[in-house]
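Engineer: To be precise about what I am sending: the file is called protein06.pdb and holds PDB, C-alpha atoms and all ligand atoms.
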ATOM      1  CA  MET E   1      69.337  10.603 -92.728  1.00  0.00           C
ATOM      2  CA  ASN E   2      69.989  13.610 -94.959  1.00  0.00           C
ATOM      3  CA  LYS E   3      68.350  13.712 -98.369  1.00  0.00           C
ATOM      4  CA  ARG E   4      70.741  13.755-101.326  1.00  0.00           C
ATOM      5  CA  VAL E   5      70.320  16.631-103.782  1.00  0.00           C
ATOM      6  CA  ALA E   6      71.590  16.689-107.383  1.00  0.00           C
ATOM      7  CA  ILE E   7      71.693  20.125-109.015  1.00  0.00           C
ATOM      8  CA  LEU E   8      71.494  20.539-112.803  1.00  0.00           C
ATOM      9  CA  ILE E   9      72.941  23.669-114.385  1.00  0.00           C
ATOM     10  CA  SER E  10      73.802  25.104-117.789  1.00  0.00           C
ATOM     11  CA  GLY E  11      75.541  28.355-116.897  1.00  0.00           C
ATOM     12  CA  GLY E  12      76.999  30.499-114.159  1.00  0.00           C
ATOM     13  CA  GLY E  13      75.289  28.571-111.400  1.00  0.00           C
ATOM     14  CA  SER E  14      74.522  31.389-108.965  1.00  0.00           C
ATOM     15  CA  ASN E  15      71.339  29.596-107.856  1.00  0.00           C
ATOM     16  CA  MET E  16      73.332  26.366-107.481  1.00  0.00           C
ATOM     17  CA  VAL E  17      75.800  28.195-105.189  1.00  0.00           C
ATOM     18  CA  SER E  18      72.980  29.534-103.017  1.00  0.00           C
ATOM     19  CA  LEU E  19      71.460  26.030-102.784  1.00  0.00           C
ATOM     20  CA  VAL E  20      74.781  24.369-101.908  1.00  0.00           C
ATOM     21  CA  GLN E  21      75.623  27.010 -99.310  1.00  0.00           C
ATOM     22  CA  SER E  22      72.203  26.587 -97.687  1.00  0.00           C
ATOM     23  CA  MET E  23      72.627  22.836 -97.126  1.00  0.00           C
ATOM     24  CA  THR E  24      74.565  22.868 -93.863  1.00  0.00           C
ATOM     25  CA  GLY E  25      73.822  22.404 -90.177  1.00  0.00           C
ATOM     26  CA  ASP E  26      70.310  21.177 -89.436  1.00  0.00           C
ATOM     27  CA  HIS E  27      69.270  21.352 -93.104  1.00  0.00           C
ATOM     28  CA  PRO E  28      67.617  18.032 -94.025  1.00  0.00           C
ATOM     29  CA  ALA E  29      69.571  17.701 -97.301  1.00  0.00           C
ATOM     30  CA  ARG E  30      73.096  17.764 -98.681  1.00  0.00           C
ATOM     31  CA  PRO E  31      74.356  18.251-102.260  1.00  0.00           C
ATOM     32  CA  CYS E  32      75.580  15.019-103.893  1.00  0.00           C
ATOM     33  CA  VAL E  33      76.493  16.189-107.414  1.00  0.00           C
ATOM     34  CA  VAL E  34      76.301  19.183-109.758  1.00  0.00           C
ATOM     35  CA  VAL E  35      75.739  18.220-113.393  1.00  0.00           C
ATOM     36  CA  SER E  36      76.043  20.554-116.371  1.00  0.00           C
ATOM     37  CA  ASN E  37      74.989  19.936-119.967  1.00  0.00           C
ATOM     38  CA  VAL E  38      77.485  22.609-121.055  1.00  0.00           C
ATOM     39  CA  PRO E  39      81.217  21.829-120.869  1.00  0.00           C
ATOM     40  CA  GLY E  40      83.069  24.639-119.126  1.00  0.00           C
ATOM     41  CA  ALA E  41      79.902  26.146-117.618  1.00  0.00           C
ATOM     42  CA  GLY E  42      80.992  28.631-114.943  1.00  0.00           C
ATOM     43  CA  GLY E  43      78.984  26.815-112.309  1.00  0.00           C
ATOM     44  CA  LEU E  44      81.149  23.675-112.571  1.00  0.00           C
ATOM     45  CA  ALA E  45      84.254  25.425-111.218  1.00  0.00           C
ATOM     46  CA  LYS E  46      82.142  27.052-108.495  1.00  0.00           C
ATOM     47  CA  ALA E  47      80.793  23.652-107.430  1.00  0.00           C
ATOM     48  CA  GLU E  48      84.308  22.205-107.352  1.00  0.00           C
ATOM     49  CA  GLY E  49      85.391  25.160-105.221  1.00  0.00           C
ATOM     50  CA  LEU E  50      82.579  24.307-102.823  1.00  0.00           C
ATOM     51  CA  GLY E  51      83.741  20.681-102.640  1.00  0.00           C
ATOM     52  CA  VAL E  52      80.756  19.206-104.502  1.00  0.00           C
ATOM     53  CA  PRO E  53      81.358  16.398-107.052  1.00  0.00           C
ATOM     54  CA  THR E  54      80.692  17.542-110.626  1.00  0.00           C
ATOM     55  CA  ALA E  55      79.891  15.910-113.932  1.00  0.00           C
ATOM     56  CA  CYS E  56      79.156  17.091-117.434  1.00  0.00           C
ATOM     57  CA  VAL E  57      76.867  15.451-119.970  1.00  0.00           C
ATOM     58  CA  ASP E  58      77.259  17.538-123.115  1.00  0.00           C
ATOM     59  CA  HIS E  59      73.978  17.472-125.034  1.00  0.00           C
ATOM     60  CA  LYS E  60      75.593  18.439-128.360  1.00  0.00           C
ATOM     61  CA  PRO E  61      76.962  15.022-129.462  1.00  0.00           C
ATOM     62  CA  PHE E  62      73.419  13.628-129.091  1.00  0.00           C
ATOM     63  CA  GLY E  63      71.993  16.086-131.622  1.00  0.00           C
ATOM     64  CA  LYS E  64      68.213  15.859-131.690  1.00  0.00           C
ATOM     65  CA  ASP E  65      68.199  12.522-129.857  1.00  0.00           C
ATOM     66  CA  ARG E  66      66.847  13.680-126.488  1.00  0.00           C
ATOM     67  CA  GLU E  67      66.233  10.133-125.261  1.00  0.00           C
ATOM     68  CA  ARG E  68      69.900   9.158-125.621  1.00  0.00           C
ATOM     69  CA  PHE E  69      71.039  12.395-123.959  1.00  0.00           C
ATOM     70  CA  GLU E  70      68.663  11.765-121.093  1.00  0.00           C
ATOM     71  CA  LYS E  71      69.822   8.150-120.777  1.00  0.00           C
ATOM     72  CA  ALA E  72      73.413   9.445-120.332  1.00  0.00           C
ATOM     73  CA  LEU E  73      72.183  12.085-117.866  1.00  0.00           C
ATOM     74  CA  ASN E  74      70.220   9.457-115.945  1.00  0.00           C
ATOM     75  CA  ASP E  75      73.273   7.172-115.779  1.00  0.00           C
ATOM     76  CA  VAL E  76      75.216   9.986-114.046  1.00  0.00           C
ATOM     77  CA  LEU E  77      72.315  10.878-111.778  1.00  0.00           C
ATOM     78  CA  HIS E  78      71.603   7.289-110.706  1.00  0.00           C
ATOM     79  CA  ALA E  79      75.301   6.816-109.892  1.00  0.00           C
ATOM     80  CA  HIS E  80      74.863   9.562-107.272  1.00  0.00           C
ATOM     81  CA  ALA E  81      71.468   8.295-106.025  1.00  0.00           C
ATOM     82  CA  PRO E  82      69.745  11.628-105.454  1.00  0.00           C
ATOM     83  CA  ASP E  83      66.485  11.904-103.512  1.00  0.00           C
ATOM     84  CA  ILE E  84      65.826  15.345-104.989  1.00  0.00           C
ATOM     85  CA  ILE E  85      66.899  16.997-108.249  1.00  0.00           C
ATOM     86  CA  CYS E  86      67.051  20.792-108.468  1.00  0.00           C
ATOM     87  CA  LEU E  87      67.079  22.355-111.919  1.00  0.00           C
ATOM     88  CA  ALA E  88      68.978  25.627-111.451  1.00  0.00           C
ATOM     89  CA  GLY E  89      69.315  27.453-114.747  1.00  0.00           C
ATOM     90  CA  PHE E  90      69.246  24.117-116.612  1.00  0.00           C
ATOM     91  CA  MET E  91      68.284  25.162-120.121  1.00  0.00           C
ATOM     92  CA  ARG E  92      67.265  21.843-121.723  1.00  0.00           C
ATOM     93  CA  ILE E  93      63.673  20.752-122.162  1.00  0.00           C
ATOM     94  CA  LEU E  94      63.194  17.339-120.537  1.00  0.00           C
ATOM     95  CA  THR E  95      60.988  14.641-122.040  1.00  0.00           C
ATOM     96  CA  PRO E  96      57.885  13.387-120.193  1.00  0.00           C
ATOM     97  CA  ASP E  97      59.617   9.985-119.797  1.00  0.00           C
ATOM     98  CA  PHE E  98      62.615  11.518-118.042  1.00  0.00           C
ATOM     99  CA  VAL E  99      60.375  13.637-115.829  1.00  0.00           C
ATOM    100  CA  ALA E 100      58.202  10.610-114.981  1.00  0.00           C
ATOM    101  CA  GLY E 101      61.314   8.769-113.751  1.00  0.00           C
ATOM    102  CA  TRP E 102      61.816  11.462-111.091  1.00  0.00           C
ATOM    103  CA  GLU E 103      58.170  12.183-110.338  1.00  0.00           C
ATOM    104  CA  GLY E 104      57.698  14.134-107.118  1.00  0.00           C
ATOM    105  CA  GLN E 105      61.462  14.552-106.738  1.00  0.00           C
ATOM    106  CA  MET E 106      62.370  17.323-109.188  1.00  0.00           C
ATOM    107  CA  LEU E 107      62.200  21.100-108.623  1.00  0.00           C
ATOM    108  CA  ASN E 108      62.837  24.041-110.948  1.00  0.00           C
ATOM    109  CA  ILE E 109      63.262  27.777-110.578  1.00  0.00           C
ATOM    110  CA  HIS E 110      61.757  29.889-113.325  1.00  0.00           C
ATOM    111  CA  PRO E 111      62.206  33.660-113.681  1.00  0.00           C
ATOM    112  CA  SER E 112      58.551  34.687-113.871  1.00  0.00           C
ATOM    113  CA  LEU E 113      55.398  34.717-111.802  1.00  0.00           C
ATOM    114  CA  LEU E 114      54.076  31.399-113.101  1.00  0.00           C
ATOM    115  CA  PRO E 115      51.658  30.596-114.643  1.00  0.00           C
ATOM    116  CA  LEU E 116      52.650  33.773-116.518  1.00  0.00           C
ATOM    117  CA  TYR E 117      55.463  33.608-119.074  1.00  0.00           C
ATOM    118  CA  LYS E 118      56.496  30.007-119.409  1.00  0.00           C
ATOM    119  CA  GLY E 119      59.545  29.519-121.613  1.00  0.00           C
ATOM    120  CA  LEU E 120      62.160  32.125-122.498  1.00  0.00           C
ATOM    121  CA  ASN E 121      62.530  35.943-122.386  1.00  0.00           C
ATOM    122  CA  THR E 122      60.305  36.186-119.347  1.00  0.00           C
ATOM    123  CA  HIS E 123      61.385  39.630-118.136  1.00  0.00           C
ATOM    124  CA  ALA E 124      61.080  41.212-121.591  1.00  0.00           C
ATOM    125  CA  ARG E 125      57.576  39.779-121.914  1.00  0.00           C
ATOM    126  CA  ALA E 126      56.510  41.098-118.479  1.00  0.00           C
ATOM    127  CA  ILE E 127      57.782  44.601-119.332  1.00  0.00           C
ATOM    128  CA  GLU E 128      56.214  44.465-122.794  1.00  0.00           C
ATOM    129  CA  ALA E 129      52.859  43.515-121.276  1.00  0.00           C
ATOM    130  CA  GLY E 130      52.981  46.540-118.951  1.00  0.00           C
ATOM    131  CA  ASP E 131      52.827  44.341-115.844  1.00  0.00           C
ATOM    132  CA  ALA E 132      53.211  46.051-112.464  1.00  0.00           C
ATOM    133  CA  GLN E 133      55.205  43.164-111.030  1.00  0.00           C
ATOM    134  CA  ALA E 134      57.561  40.396-112.063  1.00  0.00           C
ATOM    135  CA  GLY E 135      59.402  37.737-110.092  1.00  0.00           C
ATOM    136  CA  CYS E 136      60.410  34.126-109.853  1.00  0.00           C
ATOM    137  CA  THR E 137      58.789  30.801-109.040  1.00  0.00           C
ATOM    138  CA  VAL E 138      59.982  27.492-107.629  1.00  0.00           C
ATOM    139  CA  HIS E 139      57.780  24.608-108.723  1.00  0.00           C
ATOM    140  CA  GLU E 140      57.692  20.849-108.936  1.00  0.00           C
ATOM    141  CA  VAL E 141      58.593  19.649-112.399  1.00  0.00           C
ATOM    142  CA  THR E 142      55.865  17.824-114.300  1.00  0.00           C
ATOM    143  CA  ALA E 143      55.676  16.755-117.937  1.00  0.00           C
ATOM    144  CA  ALA E 144      54.424  20.156-119.166  1.00  0.00           C
ATOM    145  CA  LEU E 145      57.046  22.916-119.507  1.00  0.00           C
ATOM    146  CA  ASP E 146      57.299  25.322-116.519  1.00  0.00           C
ATOM    147  CA  ASP E 147      54.182  23.824-115.002  1.00  0.00           C
ATOM    148  CA  GLY E 148      53.594  21.780-111.889  1.00  0.00           C
ATOM    149  CA  PRO E 149      52.630  22.651-108.318  1.00  0.00           C
ATOM    150  CA  ILE E 150      54.062  25.955-107.094  1.00  0.00           C
ATOM    151  CA  LEU E 151      56.320  25.666-104.037  1.00  0.00           C
ATOM    152  CA  GLY E 152      57.287  29.323-103.738  1.00  0.00           C
ATOM    153  CA  GLN E 153      57.138  32.679-105.410  1.00  0.00           C
ATOM    154  CA  ALA E 154      58.862  36.049-104.943  1.00  0.00           C
ATOM    155  CA  ARG E 155      57.643  39.267-106.532  1.00  0.00           C
ATOM    156  CA  VAL E 156      59.265  42.604-107.263  1.00  0.00           C
ATOM    157  CA  ASP E 157      57.781  45.808-108.653  1.00  0.00           C
ATOM    158  CA  ILE E 158      58.638  46.673-112.239  1.00  0.00           C
ATOM    159  CA  ALA E 159      60.034  50.224-112.200  1.00  0.00           C
ATOM    160  CA  PRO E 160      59.611  52.788-114.973  1.00  0.00           C
ATOM    161  CA  GLY E 161      62.599  52.446-117.305  1.00  0.00           C
ATOM    162  CA  ASP E 162      63.301  48.852-116.309  1.00  0.00           C
ATOM    163  CA  THR E 163      64.952  46.759-119.000  1.00  0.00           C
ATOM    164  CA  PRO E 164      65.059  42.948-119.052  1.00  0.00           C
ATOM    165  CA  ASP E 165      68.606  43.208-117.668  1.00  0.00           C
ATOM    166  CA  THR E 166      67.819  45.581-114.775  1.00  0.00           C
ATOM    167  CA  LEU E 167      64.784  43.500-113.875  1.00  0.00           C
ATOM    168  CA  ALA E 168      66.771  40.253-114.012  1.00  0.00           C
ATOM    169  CA  ALA E 169      69.444  41.777-111.774  1.00  0.00           C
ATOM    170  CA  ARG E 170      66.813  42.839-109.218  1.00  0.00           C
ATOM    171  CA  ILE E 171      65.056  39.461-109.255  1.00  0.00           C
ATOM    172  CA  LEU E 172      68.179  37.262-109.018  1.00  0.00           C
ATOM    173  CA  PRO E 173      68.833  37.980-105.288  1.00  0.00           C
ATOM    174  CA  PHE E 174      65.220  36.922-104.632  1.00  0.00           C
ATOM    175  CA  GLU E 175      65.881  33.689-106.527  1.00  0.00           C
ATOM    176  CA  HIS E 176      68.842  33.108-104.204  1.00  0.00           C
ATOM    177  CA  GLN E 177      66.551  33.492-101.154  1.00  0.00           C
ATOM    178  CA  LEU E 178      63.530  31.691-102.535  1.00  0.00           C
ATOM    179  CA  TYR E 179      65.110  28.516-103.906  1.00  0.00           C
ATOM    180  CA  PRO E 180      66.963  27.537-100.707  1.00  0.00           C
ATOM    181  CA  ALA E 181      63.844  28.301 -98.647  1.00  0.00           C
ATOM    182  CA  ALA E 182      61.633  26.195-100.930  1.00  0.00           C
ATOM    183  CA  LEU E 183      64.156  23.336-101.061  1.00  0.00           C
ATOM    184  CA  ARG E 184      64.468  23.205 -97.264  1.00  0.00           C
ATOM    185  CA  ARG E 185      60.691  22.994 -96.922  1.00  0.00           C
ATOM    186  CA  PHE E 186      60.394  20.410 -99.706  1.00  0.00           C
ATOM    187  CA  ALA E 187      63.130  18.252 -98.147  1.00  0.00           C
ATOM    188  CA  ASN E 188      61.134  18.392 -94.912  1.00  0.00           C
ATOM    189  CA  GLY E 189      58.041  17.127 -96.743  1.00  0.00           C
ATOM    190  CA  GLU E 190      56.292  20.548 -96.844  1.00  0.00           C
ATOM    191  CA  ARG E 191      54.386  21.193-100.058  1.00  0.00           C
ATOM    192  CA  THR E 192      52.579  24.427 -99.167  1.00  0.00           C
ATOM    193  CA  PRO E 193      54.025  27.381-101.095  1.00  0.00           C
ATOM    194  CA  ILE E 194      56.175  30.093 -99.531  1.00  0.00           C
ATOM    195  CA  TYR E 195      55.777  33.690-100.719  1.00  0.00           C
ATOM    196  CA  LEU E 196      58.482  36.392-100.545  1.00  0.00           C
ATOM    197  CA  GLY E 197      58.368  40.074-101.480  1.00  0.00           C
TER     198      GLY E 197
HETATM  199  C1  LIG Q 201      68.125  32.109-113.383  1.00  0.00           C
HETATM  200  O1  LIG Q 201      67.636  33.411-113.499  1.00  0.00           O
HETATM  201  C2  LIG Q 201      66.999  31.103-113.524  1.00  0.00           C
HETATM  202  O2  LIG Q 201      65.787  31.528-112.976  1.00  0.00           O
HETATM  203  C3  LIG Q 201      66.895  30.970-115.012  1.00  0.00           C
HETATM  204  O3  LIG Q 201      68.225  30.993-115.480  1.00  0.00           O
HETATM  205  C4  LIG Q 201      69.015  31.768-114.584  1.00  0.00           C
HETATM  206  C5  LIG Q 201      70.214  30.944-114.187  1.00  0.00           C
HETATM  207  O4  LIG Q 201      71.136  31.700-113.444  1.00  0.00           O
HETATM  208  N1  LIG Q 201      66.232  29.767-115.380  1.00  0.00           N
HETATM  209  C6  LIG Q 201      65.504  29.632-116.475  1.00  0.00           C
HETATM  210  O5  LIG Q 201      65.340  30.524-117.279  1.00  0.00           O
HETATM  211  C7  LIG Q 201      64.897  28.257-116.652  1.00  0.00           C
HETATM  212  N2  LIG Q 201      63.969  28.243-117.720  1.00  0.00           N
HETATM  213  P1  LIG Q 201      72.244  30.985-112.576  1.00  0.00           P
HETATM  214  O6  LIG Q 201      72.976  30.014-113.503  1.00  0.00           O
HETATM  215  O7  LIG Q 201      73.148  32.108-112.140  1.00  0.00           O
HETATM  216  O8  LIG Q 201      71.576  30.293-111.441  1.00  0.00           O
END
Go ahead and render the structure in this file as structure tokens.
Ligand code: GAR
Structural biologist:
Amino acid sequence: MNKRVAILISGGGSNMVSLVQSMTGDHPARPCVVVSNVPGAGGLAKAEGLGVPTACVDHKPFGKDRERFEKALNDVLHAHAPDIICLAGFMRILTPDFVAGWEGQMLNIHPSLLPLYKGLNTHARAIEAGDAQAGCTVHEVTAALDDGPILGQARVDIAPGDTPDTLAARILPFEHQLYPAALRRFANGERTPIYLG
């Protein structure tokens, strides 16, 4: 039976689109819901256009109460009974308790060559450091931020004159290749990393 995949987004959802579009034919998984923490996030309309159920759990009314936000998020997720959760540009930090509830089932894509540059402003930090390469990483989500076993990585050269925006634009198409490839392998029970670029 196909695995059920929930995808969490906060923004435009281009990675979500590439994941949804990959889950056809002999793919071992199918999307079951796209959830945003931002009302009106561009990715919600895209998911609807692709025929995937959507939901929104706005984090704002919960203020600093992460546990209550995550309880509401979990209520939506459990209603769709996912086997796998893909964070795809989901910009909320999740508590260790929430992560523990989905142990071994949750993936994330992060725009850096982890373990380098956890957190935000990854491309600016890679350029600032004078790195020769940058890229993106798909990893299993564990309690520590942007940590956890690496399932795939794609690298690109940093060119002279690159800005965070030009670098992000060059890396994004690699994200769209890497995440579907890593998800397909993960859904098939493969944990060895895949490397692109
Ligand atoms: C992607 O570049 C993703 O790697 C990044 O947000 C972007 C979302 O774009 N994720 C993070 O920074 C997570 N910390 P998308 O909404 O078009 O997929």
Engineer: Just checking: using all atoms listed in the file, which residue out of E:Ile109, E:Ala81, E:Val76, E:Ile93 ends up closest to ligand LIG 201 (chain Q)?
Structural biologist: E:Ile109
Engineer: How would you report the residues lying within 10 Å of ligand LIG 201 (chain Q), as JSON, numbers by chain, if you count only C-alpha atoms and all ligand atoms?
Structural biologist: {"E": [8, 9, 10, 11, 12, 13, 14, 15, 16, 17, 18, 19, 41, 42, 43, 87, 88, 89, 90, 91, 92, 93, 108, 109, 110, 111, 112, 118, 119, 120, 121, 122, 123, 135, 136, 137, 138, 145, 146, 168, 169, 171, 172, 173, 174, 175, 176, 179]}
Engineer: Could you tell me how far CA of Arg184 (chain E) lies from CA of Ser22 (chain E), in Å and to one decimal?
Structural biologist: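 Answer for the CA of Arg184 (chain E) to CA of Ser22 (chain E) separation: 8.5 Å.
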Engineer: Spell out the residues picked by the PyMOL selection byres (((chain E and resi 126) around 10) and not hetatm) here, as a list in words.
Structural biologist: Ser112, Leu113, Leu116, Tyr117, Asn121, Thr122, His123, Ala124, Arg125, Ile127, Glu128, Ala129, Gly130, Asp131, Ala132, Gln133, Ala134, Gly135, Ile158, Pro164 and Leu167 of chain E
Engineer: Let me make sure I understand: among E:Lys46, E:Arg185, E:Arg170, E:Arg68, which one has the smallest atom-to-atom distance to Met23 (chain E) if we use only C-alpha atoms?
Structural biologist: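 Closest to Met23 (chain E), using only C-alpha atoms: E:Arg185.
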Engineer: From the set E:Cys86, E:Ala55, E:Val156, E:Ala100, which residue has the shortest atom-to-atom contact distance to Pro180 (chain E), counting only C-alpha atoms?
Structural biologist: E:Cys86
Engineer: What's around Val57 (chain E) at 8 Å? Count all atoms listed in the file, leave out sequence neighbours fewer than 3 positions away in its own chain, and write the answer as a list of chain:residue names.
Structural biologist: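 The residues that qualify are E:Val35, E:Ser36, E:Asn37, E:Val38, E:Pro39, E:Phe69, E:Ala72, E:Leu73.
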Engineer: Under the rule that all atoms listed in the file are counted, which of E:Pro115, E:Gly40, E:Pro96, E:Pro31 is the nearest residue to His80 (chain E)?
Structural biologist: E:Pro31
Engineer: Here is a test: counting all atoms listed in the file, which residue of E:Glu140, E:His27, E:Thr163, E:Asp97 is nearest to Ala181 (chain E)?
Structural biologist: E:His27
Engineer: Give the padded box for region 46-63 of chain E as JSON: axis-aligned, covering all atoms listed in the file, 3 Å on each side, centre and edge lengths in Å to one decimal.
Structural biologist:
{"center_x": 78.7, "center_y": 20.3, "center_z": -117.1, "size_x": 19.4, "size_y": 19.4, "size_z": 35.0}
Engineer: When you count only C-alpha atoms, which of these residues is closest to Leu50 (chain E): E:Gly148, E:Gln21, E:Ile194, E:Asp75?
Structural biologist: E:Gln21
Engineer: In Å, how far is it from CA of Arg30 (chain E) to CA of Glu103 (chain E)?
Structural biologist: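 Interatomic distance here is 19.7 Å.
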Engineer: Rounded to one decimal place, report the CA of Thr54 (chain E)-CA of Lys3 (chain E) distance in Å.
Structural biologist: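 Straight-line distance from CA of Thr54 (chain E) to CA of Lys3 (chain E) works out to 17.8 Å.
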Engineer: Taking 5 positions as the minimum chain separation for residues in the same chain, which residues sit within 6 Å of Val33 (chain E) when counting all atoms listed in the file? Answer as a ChimeraX atom specification.
Structural biologist: /E:6,52-54
Engineer: Which residues would end up in the selection if the PyMOL selection byres (((chain E and resi 152) around 8) and not hetatm) were applied here, given that I need the answer as a ChimeraX atom specification?
Structural biologist: /E:137-139,150-151,153-154,178-179,182,193-196
